[in-house]
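Novice: Take this structure, written in structure tokens, and hold onto it; I'll ask about it next.
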2 protein chains.
Amino acid sequence: MALIRSVFQDELDSVSQSLVDLTAMVSTSMLNATTAILTCDLKLAEEVIASDEKIDDFQHEVDSRIIDIIARQQPVASDLRALVTALRMGSDLERMGDLAHHVGKIARLRHPQSAVPPELTDVIKAMGSAAVRITDKTGVVISTRDTEMALQVEQDDDEMDDLHRKLIGVLIKPTWKHGIETAIDLTLLGRYYERYADHAVSISRRVYFLVTGKYSE
Amino acid sequence: MALIRSVFQDELDSVSQSLVDLTAMVSTSMLNATTAILTCDLKLAEEVIASDEKIDDFQHEVDSRIIDIIARQQPVASDLRALVTALRMGSDLERMGDLAHHVGKIARLRHPQSAVPPELTDVIKAMGSAAVRITDKTGVVISTRDTEMALQVEQDDDEMDDLHRKLIGVLIKPTWKHGIETAIDLTLLGRYYERYADHAVSISRRVYFLVTGKYSE
């Protein structure tokens, strides 16, 4: 009997795989949003904006599937906790998609100008890379439940926070010459990347807690 | 038999009441955060910051209670949906508490200076009032499932968006004389109030959907 995988286990695995797929979609979205804002690529910005609906639809579909599993299978407490956690991870990923969408919208709003002045190109590039790295690791964490990797996501988030501080540091320098409107854009951009990474951390913490029963903080 | 209320129904009502209580806590927190930032009241800012932990703890307790009800009662699909919705409303309220906390932190950071220059006092005051009004109505929506009131929350949110645009409009005026750092604070403050109201709208929409089976948009 133990060799026969249950339908329920297959359903859990399928939910997990869908969350990994969602992670990949969100990662691509943030990668493209960052490229769009750094290269003033309107077409790519439009693509990111359009892809948000696909991410939302996919997340709603996963959500419905999870609730349906709970209703039909009436899982024991530990499985129920895993399924509720999956619902929450879906919400985090959907929100990460929104934040990539917000970055895309700033790129579109300022086109054909660039929202990012030359002295901040490197910082935004680094924030974009950190975001993609964090999301990709988060996908591995969901898929493998690797708690070491979950802790790495926290470290990557510290790096994102450093970049965010660096960004604000440049904005408030007396030598800043790009005016208030650009500073507002950059303040919001910084916030979007930071929140994006926070949601990835939140997902990794949820997995860490599911596996170990302890909080990773 | 129909006159005897089930234990399950009592448990659902108790969850609903806890969410209403959480709404009141969050509303008070945003009210105090707004007063703290407008009057440079450090003590009140510290109070708001400290109260966030209470809000988080209370939400976690409600969360555990909901999961426990699902595990024990194995509810039918419609009740399960109501309980999952309650979990999500709890997350929204917890996040609203975080955003009030962020406002409190800006008040503390800038003390004894004010983060809000005189020409923006009225706008921030109005955003604070709108936030409290929206939260209080959201509490009534949770408690009574009044769909008319749920639609009112959407209208109040439009008002919040107008105030947000007004705020940004003042920041980008050529006559702005308070520098970049203050503009950054105000950009973030505007974002916090706007996101706060978005979460209230999200709660009202969830209730609207539960009651009518339709989306309110």
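The way I read the labels, and the way they are meant: chains A, B, ... in the order of the structure tokens, residue 1 as the first residue of every chain, and ligand 1 as the first ligand shown, with later ones counted on from there.
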Could you list the residues in chain B lying within 10 Å of chain A, using only C-alpha atoms, and format the result as an MDAnalysis selection string?

Specialist: chainID B and resid 64 67:68 70:81 84 87:88 91 168:169 171:174 176 179:188 191

Novice: Find the residues near Val207 of chain B: any atom within 8 Å, counting only C-alpha atoms, skip ones fewer than 5 places away on the same chain, and give them as a ChimeraX atom specification.

Specialist: /B:141-142,145,147,150

Novice: With a distance cut-off of 7 Å and only C-alpha atoms, select the neighbouring residues of segment 124-133 of chain A, excluding the residue or stretch itself and same-chain residues fewer than 5 positions from it, and output the selection as a PyMOL selection string.

Specialist: chain A and resi 27+30-31+34+156+160+163+193+197

Novice: Keeping only N, CA and C atoms, take the residues you just selected and write them out as a PDB file, in the first residue's frame.

Specialist:
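To be explicit, this is the file written out as result_11.pdb:
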```
ATOM      1  N   SER A  27       8.965  35.881 -11.821  1.00  0.00           N
ATOM      2  CA  SER A  27      10.379  36.197 -12.002  1.00  0.00           C
ATOM      3  C   SER A  27      10.611  36.815 -13.385  1.00  0.00           C
ATOM      4  N   MET A  30       9.341  40.395 -13.454  1.00  0.00           N
ATOM      5  CA  MET A  30      10.211  41.385 -12.831  1.00  0.00           C
ATOM      6  C   MET A  30      11.490  41.598 -13.643  1.00  0.00           C
ATOM      7  N   LEU A  31      12.011  40.526 -14.244  1.00  0.00           N
ATOM      8  CA  LEU A  31      13.178  40.657 -15.127  1.00  0.00           C
ATOM      9  C   LEU A  31      12.847  41.607 -16.278  1.00  0.00           C
ATOM     10  N   THR A  34      12.357  45.260 -15.217  1.00  0.00           N
ATOM     11  CA  THR A  34      13.635  45.938 -14.949  1.00  0.00           C
ATOM     12  C   THR A  34      14.326  46.304 -16.264  1.00  0.00           C
ATOM     13  N   ASP A 156      19.663  37.200   0.829  1.00  0.00           N
ATOM     14  CA  ASP A 156      19.501  37.973  -0.402  1.00  0.00           C
ATOM     15  C   ASP A 156      18.618  39.193  -0.165  1.00  0.00           C
ATOM     16  N   MET A 160      19.056  43.242  -0.756  1.00  0.00           N
ATOM     17  CA  MET A 160      18.059  44.143  -1.361  1.00  0.00           C
ATOM     18  C   MET A 160      17.851  45.374  -0.474  1.00  0.00           C
ATOM     19  N   LEU A 163      20.690  47.736  -0.964  1.00  0.00           N
ATOM     20  CA  LEU A 163      20.546  48.460  -2.236  1.00  0.00           C
ATOM     21  C   LEU A 163      19.497  49.566  -2.105  1.00  0.00           C
ATOM     22  N   TYR A 193      10.596  47.180  -5.372  1.00  0.00           N
ATOM     23  CA  TYR A 193      11.575  46.088  -5.313  1.00  0.00           C
ATOM     24  C   TYR A 193      11.695  45.542  -3.896  1.00  0.00           C
ATOM     25  N   ALA A 197      10.735  41.664  -2.718  1.00  0.00           N
ATOM     26  CA  ALA A 197      11.638  40.743  -2.011  1.00  0.00           C
ATOM     27  C   ALA A 197      11.040  40.306  -0.673  1.00  0.00           C
TER      28      ALA A 197
END
```

Novice: Determine the nearest neighbour of Thr121 of chain B from the options B:Thr39, B:Gln9, B:Ser204, B:Gln17, counting only C-alpha atoms.

Specialist: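 Going through B:Thr39, B:Gln9, B:Ser204, B:Gln17 one by one, the smallest distance to Thr121 of chain B is for B:Thr39.
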
Novice: Between A:Ala82, A:Asp41, A:Gly139, A:His164, which is the closest to Arg110 of chain A once you count only C-alpha atoms?

Specialist: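 The answer is A:Asp41, which sits nearest to Arg110 of chain A.
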
Novice: Work out how far atom CA of Glu148 of chain B is from atom CA of Ala200 of chain B, in Å to one decimal.

Specialist: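 Computing it gives 14.8 Å between the two atoms.
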
Novice: I'd like the neighbourhood of Asp57 of chain B as a PDB file with N, CA and C atoms, in the first residue's frame, where a residue qualifies if any of its atoms comes within 12 Å (using only C-alpha atoms), though same-chain residues fewer than 4 positions away should be ignored.

Specialist:
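Saved to part_9.pdb:
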```pdb
ATOM      1  N   LEU B  22     -10.592  43.358  15.285  1.00  0.00           N
ATOM      2  CA  LEU B  22      -9.315  43.656  14.637  1.00  0.00           C
ATOM      3  C   LEU B  22      -9.425  44.945  13.810  1.00  0.00           C
ATOM      4  N   MET B  25      -9.122  47.833  16.109  1.00  0.00           N
ATOM      5  CA  MET B  25      -7.734  48.030  16.544  1.00  0.00           C
ATOM      6  C   MET B  25      -6.934  48.761  15.461  1.00  0.00           C
ATOM      7  N   ALA B  50       4.218  50.238  19.030  1.00  0.00           N
ATOM      8  CA  ALA B  50       4.100  49.109  19.969  1.00  0.00           C
ATOM      9  C   ALA B  50       2.816  48.314  19.733  1.00  0.00           C
ATOM     10  N   SER B  51       1.756  49.003  19.336  1.00  0.00           N
ATOM     11  CA  SER B  51       0.461  48.309  19.196  1.00  0.00           C
ATOM     12  C   SER B  51       0.454  47.355  18.011  1.00  0.00           C
ATOM     13  N   ASP B  52       1.405  47.513  17.087  1.00  0.00           N
ATOM     14  CA  ASP B  52       1.422  46.632  15.908  1.00  0.00           C
ATOM     15  C   ASP B  52       1.601  45.169  16.312  1.00  0.00           C
ATOM     16  N   GLU B  53       2.417  44.956  17.351  1.00  0.00           N
ATOM     17  CA  GLU B  53       2.641  43.574  17.794  1.00  0.00           C
ATOM     18  C   GLU B  53       1.351  42.957  18.336  1.00  0.00           C
ATOM     19  N   GLU B  61      -3.825  34.646  16.301  1.00  0.00           N
ATOM     20  CA  GLU B  61      -4.742  33.861  17.138  1.00  0.00           C
ATOM     21  C   GLU B  61      -6.029  33.563  16.363  1.00  0.00           C
ATOM     22  N   VAL B  62      -6.566  34.577  15.669  1.00  0.00           N
ATOM     23  CA  VAL B  62      -7.789  34.377  14.870  1.00  0.00           C
ATOM     24  C   VAL B  62      -7.522  33.360  13.759  1.00  0.00           C
ATOM     25  N   ASP B  63      -6.382  33.531  13.097  1.00  0.00           N
ATOM     26  CA  ASP B  63      -5.940  32.596  12.050  1.00  0.00           C
ATOM     27  C   ASP B  63      -5.949  31.147  12.526  1.00  0.00           C
ATOM     28  N   SER B  64      -5.311  30.901  13.680  1.00  0.00           N
ATOM     29  CA  SER B  64      -5.222  29.537  14.210  1.00  0.00           C
ATOM     30  C   SER B  64      -6.608  29.004  14.511  1.00  0.00           C
ATOM     31  N   GLY B  90      -8.283  38.578   7.552  1.00  0.00           N
ATOM     32  CA  GLY B  90      -7.321  38.725   8.648  1.00  0.00           C
ATOM     33  C   GLY B  90      -5.974  39.215   8.128  1.00  0.00           C
ATOM     34  N   SER B  91      -5.514  38.644   6.996  1.00  0.00           N
ATOM     35  CA  SER B  91      -4.238  39.080   6.408  1.00  0.00           C
ATOM     36  C   SER B  91      -4.305  40.545   5.978  1.00  0.00           C
ATOM     37  N   GLU B  94      -4.138  42.684   9.090  1.00  0.00           N
ATOM     38  CA  GLU B  94      -2.786  42.674   9.659  1.00  0.00           C
ATOM     39  C   GLU B  94      -1.899  43.629   8.875  1.00  0.00           C
ATOM     40  N   GLY B  97      -2.556  47.187   9.676  1.00  0.00           N
ATOM     41  CA  GLY B  97      -1.846  47.518  10.915  1.00  0.00           C
ATOM     42  C   GLY B  97      -0.387  47.868  10.638  1.00  0.00           C
TER      43      GLY B  97
END
```
